[in-house]
Structure formats: C-alpha cells, structure tokens
Amino acid sequence: MDEFETVLPKLLKIQLFSSFKEDNENDRRILKLVYENIMLKKFKKGDVIITEGEYGDLLYILYTGTVNVMRNTPAGDKIALANLSSDQNVFFGETALISKDTRSATVKAASDCSCIALSCKKFKELCEKEPLLGYRVLMKLAQRMAQTIRDTNNDKATLYEALFSEIEDA
C-alpha cells in the first residue's frame with residue numbers, strides 16, 4: 001500500500017470520510033488507523049469486483065481506473081446503472097459495513113483499476129476503539145441512503161405518472 005500521506009487526500013475526498021479534517025491531529029490519527037486496516041486490491045479490465053446477489057463484506061474505494069455498475073431486472077436483463085471513475089472519488093459496497101445482505105449490483109472493471117478495500121470486521125473493530133469514526137462514517141452512510149431513498153421515490157413517482165398518462169391516453 002502507498003504511504004499514508006499519499007492515500008490520505010483520497011480518503012478525505014470520499015463522502016464517508018469527508019467530515020474528517022487533514023489539519024486536525026485527532027482526525028489524522030483516526031484516519032491513520034483506517035489506513036493501517038485497508039488493503040489495496042488490483043483488478044484487470046473485465047474483472048468482476050462485486051457480483052449482484054452474492055454476499056460480500058468489503059467496502060471498496062475506487063483508487064485508480066474506471067468501473068461499470070450493472071443490475072439485473074426482474075426479467076433477468078442486465079441494465080447499466082453507472083460508469084464510475086476514480087477521479088469522481090467514489091466508493092461502492094458500503095452496505096457491507098452495516099449488513100450481511102447480498103450485493104445489490106454487479107461492479108465490473110472497465111479498465112485496469114485498483115481499489116482500497118476495508119472489511120466489515122476491521123471497520124467494526126476500529127469503531128470499537130474509535131467511536132468517533134463509527135459515528136461520522138455511519139452518519140454519512142445514513143445521509144447517502146436517505147438521499148437514495150428520496151431519489152428512488154422520485155423515480156417511482158415519475159414512472160407512475162408516465163404509466164398513468166399512458167393508461168389515460170389509451
């Protein structure tokens with residue numbers, strides 16, 4: 001893994017760690033503990049990083065490269081959800097930190113890429129030692145999930161209106 005000072009700026013740009021400040025000694029200490037518990041995973045173009053429906057216990061931060069996020073429809077067709085690049089400071093698989101549920105999408109390397117990975121077990125151990133880490137990260141995670149729910153509800157309303165309009169016009 002790269003030196004802490006190289007990885008720190010990336011961590012600070014990620015939404016989950018954005019409440020930590022580089023110039024705050026306690027925040028740096030906590031993020032150093034995170035750094036000491038992460039691993040760098042490399043993937044070749046075409047490698048599947050996460051598979052929808054499988055269990056997983058790793059949060060991934062896209063460190064270099066690009067990935068495609070896909071999901072199966074109820075009919076079994078694959079639909080593209082997003083194309084993500086490391087310069088977007090993105091992460092995926094975050095629900096693994098709080099739930100032993102199955103993955104909700106497939107993430108595939110669109111180019112050679114590397115990810116910083118943190119396991120649920122390591123995250124929970126760190127939170128036991130540093131409750132501030134758990135509080136801040138879980139607050140950010142809750143905010144992200146709340147936004148996802150709002151977006152999903154808006155999408156459902158739009159689809160309902162379109163369907164109702166089609167039925168009405170028929």
# chains A, B, ... in the order shown; residues from 1 in each chain; ligands from 1
$ residues_around --residues "Lys13 (chain A)" --least-positions-apart "4" --cutoff "7 Å" --atoms "only C-alpha atoms" --output "list in words"
Pro9, Ser18 and Asn89 of chain A
$ select_by_dssp --residues "chain A" --states "strand (DSSP E or B)" --output "PyMOL selection string"
chain A and resi 39-43+48-50+55+58-64+66-72+78-85+91-92+102+106-109+113-119
$ select_by_dssp --residues "region 22-139 of chain A" --states "helix (DSSP H, G or I)" --output "JSON, numbers by chain"
{"A": [25, 26, 27, 28, 29, 30, 31, 32, 33, 34, 35, 36, 86, 87, 88, 94, 95, 96, 97, 120, 121, 122, 123, 124, 125, 126, 127, 128, 129, 131, 132, 133, 134, 135, 136, 137, 138, 139]}
$ atom_distance --atom1 "CA of Leu16 (chain A)" --atom2 "CA of Arg136 (chain A)"
7.7 Å
$ residues_around --residues "Thr64 (chain A)" --least-positions-apart "3" --cutoff "8 Å" --atoms "only C-alpha atoms" --output "JSON, numbers by chain"
{"A": [85, 86, 87, 113, 114, 115]}
$ write_last_selection --atoms "C-alpha atoms" --output "compact mmCIF listing (two decimals), in the first residue's frame"
# COMPACT_ATOMS: atom_id res chain seq x y z
CA SER A 85 -14.11 6.91 -12.49
CA SER A 86 -11.58 7.22 -9.69
CA ASP A 87 -11.46 10.99 -10.16
CA CYS A 113 -8.07 -0.38 -11.76
CA SER A 114 -7.24 -0.51 -8.09
CA CYS A 115 -9.47 -0.21 -5.08
$ residues_around --residues "Val48 (chain A)" --least-positions-apart "4" --cutoff "10 Å" --atoms "only C-alpha atoms" --output "list in words"
Phe43, Lys44, Val67, Asn68, Thr106, Val107, Lys108, Ala109 and Ala110 of chain A
$ closest_residue --among "A:Ile149, A:Ala105, A:Ile79, A:Leu8" --to "Thr51 (chain A)" --atoms "only C-alpha atoms"
A:Ala105
$ closest_residue --among "A:Val34, A:Ile50, A:Ala162, A:Ala142" --to "Leu126 (chain A)" --atoms "only C-alpha atoms"
A:Val34
